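Asks: Okay, so here is coords-v8.pdb, and as you'll see once you scroll down, it has PDB, C-alpha atoms and all ligand atoms.
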ATOM      1  CA  MET A   1       0.000   0.000   0.000
ATOM      2  CA  SER A   2       1.434   3.416  -0.953
ATOM      3  CA  ASP A   3       1.555   6.273   1.567
ATOM      4  CA  PHE A   4      -1.268   7.926  -0.389
ATOM      5  CA  GLU A   5      -3.436   4.806  -0.106
ATOM      6  CA  LEU A   6      -2.533   4.437   3.573
ATOM      7  CA  ARG A   7      -3.575   8.031   4.326
ATOM      8  CA  ASN A   8      -6.940   7.394   2.685
ATOM      9  CA  ALA A   9      -7.301   4.063   4.492
ATOM     10  CA  ILE A  10      -6.738   5.815   7.852
ATOM     11  CA  VAL A  11      -9.384   8.437   6.978
ATOM     12  CA  ALA A  12     -11.868   5.710   5.963
ATOM     13  CA  GLN A  13     -11.164   3.605   9.069
ATOM     14  CA  ALA A  14     -11.520   6.642  11.336
ATOM     15  CA  ARG A  15     -14.845   7.531   9.730
ATOM     16  CA  SER A  16     -16.057   3.957  10.173
ATOM     17  CA  LEU A  17     -15.084   3.943  13.879
ATOM     18  CA  PHE A  18     -16.791   7.331  14.356
ATOM     19  CA  ASP A  19     -19.972   6.196  12.588
ATOM     20  CA  ARG A  20     -20.185   3.178  14.887
ATOM     21  CA  GLY A  21     -19.901   5.383  17.985
ATOM     22  CA  LEU A  22     -16.454   4.146  19.038
ATOM     23  CA  CYS A  23     -14.803   7.603  18.954
ATOM     24  CA  PRO A  24     -17.071  10.251  20.460
ATOM     25  CA  GLY A  25     -16.029  13.907  20.118
ATOM     26  CA  THR A  26     -12.373  14.214  19.190
ATOM     27  CA  SER A  27     -11.294  11.087  21.075
ATOM     28  CA  GLY A  28      -9.315   8.274  19.490
ATOM     29  CA  ASN A  29      -6.140   8.171  17.432
ATOM     30  CA  ILE A  30      -4.700   5.997  14.691
ATOM     31  CA  SER A  31      -1.154   5.560  13.414
ATOM     32  CA  ALA A  32       0.571   3.458  10.771
ATOM     33  CA  ARG A  33       4.171   2.719   9.867
ATOM     34  CA  ILE A  34       5.588   4.074   6.630
ATOM     35  CA  TYR A  35       9.027   3.325   5.212
ATOM     36  CA  ASP A  36      10.763   6.209   7.000
ATOM     37  CA  GLY A  37       8.512   6.848  10.006
ATOM     38  CA  TYR A  38       4.832   7.045  10.856
ATOM     39  CA  LEU A  39       1.533   8.575   9.803
ATOM     40  CA  MET A  40      -0.627   9.679  12.736
ATOM     41  CA  THR A  41      -3.997  11.343  13.212
ATOM     42  CA  PRO A  42      -3.639  15.026  14.231
ATOM     43  CA  THR A  43      -4.306  16.465  17.678
ATOM     44  CA  GLY A  44      -7.839  17.712  18.285
ATOM     45  CA  ALA A  45      -9.173  16.173  15.057
ATOM     46  CA  SER A  46     -12.582  14.526  14.862
ATOM     47  CA  PHE A  47     -12.614  11.097  13.235
ATOM     48  CA  ALA A  48     -15.668  12.302  11.304
ATOM     49  CA  THR A  49     -13.745  14.939   9.344
ATOM     50  CA  LEU A  50     -10.111  13.852   8.938
ATOM     51  CA  ASP A  51      -8.222  15.206   5.929
ATOM     52  CA  ALA A  52      -5.732  12.799   4.320
ATOM     53  CA  VAL A  53      -3.486  15.679   3.197
ATOM     54  CA  ARG A  54      -3.203  17.131   6.734
ATOM     55  CA  MET A  55      -2.348  13.805   8.383
ATOM     56  CA  SER A  56       0.643  14.147  10.754
ATOM     57  CA  GLN A  57       3.865  12.612   9.519
ATOM     58  CA  LEU A  58       6.642  11.683  11.954
ATOM     59  CA  ASP A  59      10.139  10.493  11.184
ATOM     60  CA  ALA A  60      11.557   7.218  12.492
ATOM     61  CA  ASP A  61      12.570   8.968  15.750
ATOM     62  CA  GLY A  62       9.035  10.277  16.314
ATOM     63  CA  ARG A  63       9.746  13.878  15.293
ATOM     64  CA  HIS A  64       6.911  15.773  13.577
ATOM     65  CA  VAL A  65       8.019  16.480   9.999
ATOM     66  CA  ASP A  66       4.842  17.203   8.003
ATOM     67  CA  GLY A  67       1.106  17.812   8.245
ATOM     68  CA  ASP A  68      -0.780  19.003  11.337
ATOM     69  CA  PRO A  69       0.748  18.398  14.808
ATOM     70  CA  PRO A  70       0.182  14.779  15.893
ATOM     71  CA  THR A  71      -2.147  13.559  18.630
ATOM     72  CA  GLU A  72      -0.934  14.328  22.150
ATOM     73  CA  GLU A  73      -1.057  10.565  22.678
ATOM     74  CA  SER A  74       1.650   9.950  20.053
ATOM     75  CA  PRO A  75       4.128   8.794  22.783
ATOM     76  CA  LEU A  76       1.836   5.794  23.467
ATOM     77  CA  HIS A  77       1.992   4.756  19.816
ATOM     78  CA  LEU A  78       5.761   5.229  19.601
ATOM     79  CA  ALA A  79       6.295   3.213  22.795
ATOM     80  CA  MET A  80       4.276   0.313  21.356
ATOM     81  CA  TYR A  81       6.052   0.373  17.972
ATOM     82  CA  GLU A  82       9.399   0.285  19.739
ATOM     83  CA  GLN A  83       8.427  -2.929  21.535
ATOM     84  CA  ARG A  84       6.604  -4.547  18.608
ATOM     85  CA  PRO A  85       8.652  -4.261  15.413
ATOM     86  CA  GLU A  86       6.100  -6.379  13.529
ATOM     87  CA  ALA A  87       3.279  -3.897  14.207
ATOM     88  CA  ARG A  88       2.112  -1.994  11.107
ATOM     89  CA  ALA A  89      -0.688   0.080  12.678
ATOM     90  CA  ILE A  90      -2.078   1.104  16.070
ATOM     91  CA  VAL A  91      -5.638   2.085  16.986
ATOM     92  CA  HIS A  92      -6.563   3.694  20.316
ATOM     93  CA  VAL A  93     -10.093   4.717  21.323
ATOM     94  CA  HIS A  94     -12.082   5.921  24.333
ATOM     95  CA  SER A  95     -15.091   3.739  23.498
ATOM     96  CA  THR A  96     -17.831   3.683  26.129
ATOM     97  CA  TYR A  97     -18.070   0.020  27.127
ATOM     98  CA  ALA A  98     -14.346  -0.686  27.092
ATOM     99  CA  VAL A  99     -13.789   2.441  29.208
ATOM    100  CA  ALA A 100     -16.535   1.286  31.586
ATOM    101  CA  VAL A 101     -14.693  -2.014  32.107
ATOM    102  CA  ALA A 102     -11.439  -0.067  32.486
ATOM    103  CA  CYS A 103     -13.050   1.679  35.478
ATOM    104  CA  LEU A 104     -14.145  -1.497  37.307
ATOM    105  CA  ALA A 105     -12.379  -2.128  40.598
ATOM    106  CA  ASP A 106     -12.547  -5.931  40.568
ATOM    107  CA  VAL A 107     -11.148  -7.044  37.204
ATOM    108  CA  ASP A 108      -8.349  -9.548  36.613
ATOM    109  CA  ALA A 109      -5.528  -7.145  35.698
ATOM    110  CA  ASP A 110      -3.609  -9.898  33.862
ATOM    111  CA  ASP A 111      -6.489 -10.490  31.447
ATOM    112  CA  VAL A 112      -9.419  -8.132  31.850
ATOM    113  CA  LEU A 113     -12.034  -9.678  29.520
ATOM    114  CA  LYS A 114     -13.051 -13.312  29.845
ATOM    115  CA  PRO A 115     -12.871 -15.602  26.779
ATOM    116  CA  LEU A 116     -16.584 -15.502  26.004
ATOM    117  CA  THR A 117     -16.562 -15.956  22.214
ATOM    118  CA  PRO A 118     -14.269 -17.419  19.536
ATOM    119  CA  ASP A 119     -14.228 -14.058  17.695
ATOM    120  CA  TYR A 120     -12.721 -12.343  20.716
ATOM    121  CA  VAL A 121     -10.154 -15.071  21.350
ATOM    122  CA  LEU A 122      -9.048 -15.101  17.704
ATOM    123  CA  ARG A 123      -8.841 -11.325  17.218
ATOM    124  CA  VAL A 124      -7.602 -10.201  20.651
ATOM    125  CA  GLY A 125      -6.506 -13.041  22.924
ATOM    126  CA  ARG A 126      -5.158 -11.546  26.132
ATOM    127  CA  LEU A 127      -5.929  -8.000  27.373
ATOM    128  CA  PRO A 128      -3.821  -6.811  30.351
ATOM    129  CA  LEU A 129      -4.907  -3.743  32.347
ATOM    130  CA  VAL A 130      -2.267  -0.991  32.355
ATOM    131  CA  PRO A 131      -2.216   0.969  35.654
ATOM    132  CA  TYR A 132      -3.568   4.516  35.414
ATOM    133  CA  ALA A 133      -1.307   7.431  34.581
ATOM    134  CA  LYS A 134      -2.281  10.863  33.271
ATOM    135  CA  PRO A 135      -2.777  10.866  29.461
ATOM    136  CA  GLY A 136       0.131  12.597  27.733
ATOM    137  CA  ASP A 137       2.540  11.929  30.627
ATOM    138  CA  ALA A 138       5.855  10.270  29.819
ATOM    139  CA  ALA A 139       5.125   7.840  32.685
ATOM    140  CA  LEU A 140       2.122   6.439  30.793
ATOM    141  CA  ALA A 141       4.154   5.887  27.601
ATOM    142  CA  GLU A 142       6.831   4.149  29.645
ATOM    143  CA  VAL A 143       4.433   1.715  31.291
ATOM    144  CA  VAL A 144       2.580   1.103  27.997
ATOM    145  CA  GLY A 145       5.907   0.195  26.401
ATOM    146  CA  ALA A 146       6.645  -2.284  29.190
ATOM    147  CA  TYR A 147       3.225  -3.955  28.835
ATOM    148  CA  ALA A 148       3.369  -3.898  25.013
ATOM    149  CA  ALA A 149       6.385  -6.187  25.119
ATOM    150  CA  GLU A 150       4.021  -8.894  26.431
ATOM    151  CA  SER A 151       0.748  -8.139  24.640
ATOM    152  CA  ARG A 152      -0.349  -6.354  21.457
ATOM    153  CA  ALA A 153      -3.691  -5.397  23.033
ATOM    154  CA  LEU A 154      -3.845  -3.309  26.212
ATOM    155  CA  LEU A 155      -6.602  -1.688  28.262
ATOM    156  CA  LEU A 156      -5.474   1.546  29.927
ATOM    157  CA  ALA A 157      -7.159   1.884  33.334
ATOM    158  CA  ASN A 158      -9.844   4.625  33.446
ATOM    159  CA  HIS A 159      -8.917   5.533  29.855
ATOM    160  CA  GLY A 160      -9.437   3.018  27.000
ATOM    161  CA  PRO A 161      -8.031   0.242  24.789
ATOM    162  CA  ILE A 162      -5.003   0.426  22.469
ATOM    163  CA  VAL A 163      -4.064  -2.282  19.957
ATOM    164  CA  ALA A 164      -1.058  -2.828  17.686
ATOM    165  CA  GLY A 165      -1.958  -4.775  14.552
ATOM    166  CA  SER A 166      -0.361  -6.483  11.585
ATOM    167  CA  SER A 167      -2.437  -4.033   9.510
ATOM    168  CA  LEU A 168      -4.816  -1.140  10.053
ATOM    169  CA  VAL A 169      -7.805  -3.458   9.575
ATOM    170  CA  ASP A 170      -6.359  -6.012  11.998
ATOM    171  CA  ALA A 171      -5.927  -3.373  14.729
ATOM    172  CA  ALA A 172      -9.400  -1.895  14.118
ATOM    173  CA  ASN A 173     -11.048  -5.332  14.175
ATOM    174  CA  ALA A 174      -9.417  -6.088  17.522
ATOM    175  CA  ILE A 175     -10.583  -2.737  18.939
ATOM    176  CA  GLU A 176     -14.128  -3.533  17.820
ATOM    177  CA  GLN A 177     -13.980  -6.988  19.425
ATOM    178  CA  ILE A 178     -12.770  -5.452  22.707
ATOM    179  CA  GLU A 179     -15.742  -3.056  22.679
ATOM    180  CA  GLU A 180     -18.264  -5.805  21.869
ATOM    181  CA  THR A 181     -16.834  -8.170  24.483
ATOM    182  CA  ALA A 182     -16.811  -5.380  27.081
ATOM    183  CA  LYS A 183     -20.545  -4.980  26.375
ATOM    184  CA  LEU A 184     -21.075  -8.709  26.917
ATOM    185  CA  VAL A 185     -19.072  -8.695  30.149
ATOM    186  CA  LEU A 186     -21.209  -5.839  31.500
ATOM    187  CA  LEU A 187     -24.454  -7.469  30.308
ATOM    188  CA  LEU A 188     -23.460 -10.706  32.044
ATOM    189  CA  ARG A 189     -22.152  -9.100  35.217
ATOM    190  CA  GLY A 190     -23.589 -10.962  38.211
ATOM    191  CA  VAL A 191     -25.050 -13.703  35.976
ATOM    192  CA  PRO A 192     -23.606 -17.232  36.111
ATOM    193  CA  THR A 193     -21.646 -17.466  32.840
ATOM    194  CA  ARG A 194     -19.964 -20.238  30.872
ATOM    195  CA  VAL A 195     -16.632 -19.102  29.459
ATOM    196  CA  LEU A 196     -14.760 -21.106  26.819
ATOM    197  CA  THR A 197     -12.957 -24.047  28.389
ATOM    198  CA  SER A 198      -9.209 -24.588  28.145
ATOM    199  CA  GLY A 199      -9.867 -27.347  25.585
ATOM    200  CA  GLU A 200     -12.043 -25.031  23.488
ATOM    201  CA  LEU A 201      -9.389 -22.307  23.722
ATOM    202  CA  ALA A 202      -6.691 -24.761  22.615
ATOM    203  CA  GLN A 203      -8.718 -25.501  19.466
ATOM    204  CA  LEU A 204      -8.758 -21.800  18.610
ATOM    205  CA  ARG A 205      -5.134 -20.954  19.366
ATOM    206  CA  PRO A 206      -2.455 -22.243  17.032
ATOM    207  CA  SER A 207      -0.064 -24.657  18.751
ATOM    208  CA  THR A 208       3.369 -23.198  19.428
TER     209      THR A 208
HETATM  210 ZN    ZN B 301      -6.532   8.112  25.026
END
Will you turn the file into structure tokens for me?
Ligand SMILES: [Zn+2]

Replies:
Amino acid sequence: MSDFELRNAIVAQARSLFDRGLCPGTSGNISARIYDGYLMTPTGASFATLDAVRMSQLDADGRHVDGDPPTEESPLHLAMYEQRPEARAIVHVHSTYAVAVACLADVDADDVLKPLTPDYVLRVGRLPLVPYAKPGDAALAEVVGAYAAESRALLLANHGPIVAGSSLVDAANAIEQIEETAKLVLLLRGVPTRVLTSGELAQLRPST
């Protein structure tokens, strides 16, 4: 995919996330690797009205080199890319149900969402909870980097999910599965629930 096509793909993906209610207001940011750096959605931009030409461009060291200034959450993206060289794109949102789960006091911080459906297991797998730090702080990027070494999908406490994907579509699909599974977890809260068994999980996960 050329940079031109990638810019348009980011705009289309952002619009799709906005239309499905996953990025209210000006929340959410997307980035993708290019041959000499990164494309990133600009600070303060609504996903409903992104402009491919004004997309932020950063060099390989994360310096802003073209387009509008990048999202203030760019350090989170850069910290994940550093730990996951295979990642081609990152999607981060403040979607309602995932944020609601990120505010619960009694979740399993090693893996926040239970394996309820095959779709979730296949597209996300494990979702650790990253301890809260103020958005934009270097401390948050540091801890996200540490967690990203172990998992491509993270839920930031009292904040929202962030996923590194093998492609833009892969990352966006995982974000959508996190939101849908967060809805299920909240719907089923307090209700006796059957989660997938270890045998059923083994059938879904490729043997290593
Ligand atoms: Zn955020």

Asks: What does the distance from atom CA of Ile178 of chain A to atom CA of Ile34 of chain A come to in Å, to one decimal?

Replies: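 We find that atom CA of Ile178 of chain A and atom CA of Ile34 of chain A lie 26.2 Å from each other.
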
Asks: Tell me which residues the PyMOL selection byres (((chain A and resi 50) around 10) and not hetatm) grabs here, as a list in words.

Replies: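 So the PyMOL selection byres (((chain A and resi 50) around 10) and not hetatm), applied here, picks out Arg7, Asn8, Ile10, Val11, Ala12, Ala14, Arg15, Thr41, Pro42, Ala45, Ser46, Phe47, Ala48, Thr49, Asp51, Ala52, Val53, Arg54 and Met55 of chain A.
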
Asks: Contacts of Ser198 of chain A at 12 Å or less, counting only C-alpha atoms, minus same-chain residues fewer than 4 places along, as a list in words?

Replies: Pro115, Leu116, Val121, Arg194, Ala202, Gln203, Leu204 and Arg205 of chain A

Asks: List all protein, DNA and RNA residues that have any atom at most 10 Å from ligand ZN 301 (chain B), counting all atoms listed in the file, and write the list as JSON, numbers by chain.

Replies: {"A": [27, 28, 29, 71, 72, 73, 74, 76, 92, 93, 94, 95, 134, 135, 136, 156, 158, 159, 160, 161, 162]}

Asks: Selection from above, C-alpha atoms, as an mmCIF file, in the frame of the given file, can you write it?

Replies:
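This went into again.cif:
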data_model
loop_
_atom_site.group_PDB
_atom_site.id
_atom_site.type_symbol
_atom_site.label_atom_id
_atom_site.label_comp_id
_atom_site.auth_asym_id
_atom_site.auth_seq_id
_atom_site.Cartn_x
_atom_site.Cartn_y
_atom_site.Cartn_z
ATOM 1 C CA SER A 27 -11.294 11.087 21.075
ATOM 2 C CA GLY A 28 -9.315 8.274 19.490
ATOM 3 C CA ASN A 29 -6.140 8.171 17.432
ATOM 4 C CA THR A 71 -2.147 13.559 18.630
ATOM 5 C CA GLU A 72 -0.934 14.328 22.150
ATOM 6 C CA GLU A 73 -1.057 10.565 22.678
ATOM 7 C CA SER A 74 1.650 9.950 20.053
ATOM 8 C CA LEU A 76 1.836 5.794 23.467
ATOM 9 C CA HIS A 92 -6.563 3.694 20.316
ATOM 10 C CA VAL A 93 -10.093 4.717 21.323
ATOM 11 C CA HIS A 94 -12.082 5.921 24.333
ATOM 12 C CA SER A 95 -15.091 3.739 23.498
ATOM 13 C CA LYS A 134 -2.281 10.863 33.271
ATOM 14 C CA PRO A 135 -2.777 10.866 29.461
ATOM 15 C CA GLY A 136 0.131 12.597 27.733
ATOM 16 C CA LEU A 156 -5.474 1.546 29.927
ATOM 17 C CA ASN A 158 -9.844 4.625 33.446
ATOM 18 C CA HIS A 159 -8.917 5.533 29.855
ATOM 19 C CA GLY A 160 -9.437 3.018 27.000
ATOM 20 C CA PRO A 161 -8.031 0.242 24.789
ATOM 21 C CA ILE A 162 -5.003 0.426 22.469
#

Asks: For the structure shown, which residues end up in the PyMOL selection byres (((chain A and resi 146-148) around 9) and not hetatm)? Put them as a ChimeraX atom specification, please?

Replies: /A:79-81,83-84,128-130,141-145,149-154,164

Asks: Provide the atom CA of Leu22 of chain A to atom CA of Leu140 of chain A distance in Å, to one decimal place.

Replies: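 A separation of 22.1 Å between them.
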
Asks: Between atom CA of Val99 of chain A and atom CA of Leu155 of chain A, what is the distance in Å, rounded to a tenth?

Replies: 8.3 Å

Asks: Quick one: apply the PyMOL selection byres (((chain A and resi 62-66) around 10) and not hetatm) to the file and drop the selected residues here as number ranges by chain.

Replies: A: 37-40, 53-61, 67-70, 74-75, 77-79

Asks: Export C-alpha atoms of the chosen residues as an mmCIF file, in the frame of the given file?

Replies:
data_model
loop_
_atom_site.group_PDB
_atom_site.id
_atom_site.type_symbol
_atom_site.label_atom_id
_atom_site.label_comp_id
_atom_site.auth_asym_id
_atom_site.auth_seq_id
_atom_site.Cartn_x
_atom_site.Cartn_y
_atom_site.Cartn_z
ATOM 1 C CA GLY A 37 8.512 6.848 10.006
ATOM 2 C CA TYR A 38 4.832 7.045 10.856
ATOM 3 C CA LEU A 39 1.533 8.575 9.803
ATOM 4 C CA MET A 40 -0.627 9.679 12.736
ATOM 5 C CA VAL A 53 -3.486 15.679 3.197
ATOM 6 C CA ARG A 54 -3.203 17.131 6.734
ATOM 7 C CA MET A 55 -2.348 13.805 8.383
ATOM 8 C CA SER A 56 0.643 14.147 10.754
ATOM 9 C CA GLN A 57 3.865 12.612 9.519
ATOM 10 C CA LEU A 58 6.642 11.683 11.954
ATOM 11 C CA ASP A 59 10.139 10.493 11.184
ATOM 12 C CA ALA A 60 11.557 7.218 12.492
ATOM 13 C CA ASP A 61 12.570 8.968 15.750
ATOM 14 C CA GLY A 67 1.106 17.812 8.245
ATOM 15 C CA ASP A 68 -0.780 19.003 11.337
ATOM 16 C CA PRO A 69 0.748 18.398 14.808
ATOM 17 C CA PRO A 70 0.182 14.779 15.893
ATOM 18 C CA SER A 74 1.650 9.950 20.053
ATOM 19 C CA PRO A 75 4.128 8.794 22.783
ATOM 20 C CA HIS A 77 1.992 4.756 19.816
ATOM 21 C CA LEU A 78 5.761 5.229 19.601
ATOM 22 C CA ALA A 79 6.295 3.213 22.795
#

Asks: Could you give me, as JSON lines, every segment 76-135 of chain A residue with an atom at most 12 Å from segment 168-173 of chain A, plus its closest atom pair and distance in Å to one decimal, counting only C-alpha atoms, rows ordered by chain then number?

Replies:
{"residue": "A:Ala87", "atom": "CA", "partner": "A:Ala171", "partner_atom": "CA", "distance": 9.2}
{"residue": "A:Arg88", "atom": "CA", "partner": "A:Leu168", "partner_atom": "CA", "distance": 7.1}
{"residue": "A:Ala89", "atom": "CA", "partner": "A:Leu168", "partner_atom": "CA", "distance": 5.0}
{"residue": "A:Ile90", "atom": "CA", "partner": "A:Ala171", "partner_atom": "CA", "distance": 6.1}
{"residue": "A:Val91", "atom": "CA", "partner": "A:Ala171", "partner_atom": "CA", "distance": 5.9}
{"residue": "A:His92", "atom": "CA", "partner": "A:Ala172", "partner_atom": "CA", "distance": 8.8}
{"residue": "A:Val93", "atom": "CA", "partner": "A:Ala172", "partner_atom": "CA", "distance": 9.8}
{"residue": "A:Asp119", "atom": "CA", "partner": "A:Asn173", "partner_atom": "CA", "distance": 9.9}
{"residue": "A:Tyr120", "atom": "CA", "partner": "A:Asn173", "partner_atom": "CA", "distance": 9.7}
{"residue": "A:Leu122", "atom": "CA", "partner": "A:Asn173", "partner_atom": "CA", "distance": 10.6}
{"residue": "A:Arg123", "atom": "CA", "partner": "A:Asn173", "partner_atom": "CA", "distance": 7.1}
{"residue": "A:Val124", "atom": "CA", "partner": "A:Asn173", "partner_atom": "CA", "distance": 8.8}

Asks: Of the candidates A:Leu17, A:Val112, A:Ala32, A:Leu188, which one gets nearest to Glu86 of chain A if we count only C-alpha atoms?

Replies: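 For Glu86 of chain A, the nearest of the candidates is A:Ala32.
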
Asks: Using all atoms listed in the file, which of A:Gly190, A:Pro118, A:Thr96, A:Ala182 sits nearest Pro24 of chain A?

Replies: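 Checking each candidate against Pro24 of chain A, we get A:Thr96 as the closest.
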
Asks: Output, as JSON, the centre and edge lengths in Å (one decimal) of the axis-aligned box that contains all listed atoms of segment 72-85 of chain A with 6 Å of margin on each side.

Replies:
{"center_x": 4.2, "center_y": 4.9, "center_z": 19.4, "size_x": 22.5, "size_y": 30.9, "size_z": 20.1}

Asks: Which of these, A:Cys103, A:Ala9, A:Ala98, A:Ala157, has the shortest distance to Gln177 of chain A once you count all atoms listed in the file?

Replies: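 Selected residue with least distance to Gln177 of chain A: A:Ala98.
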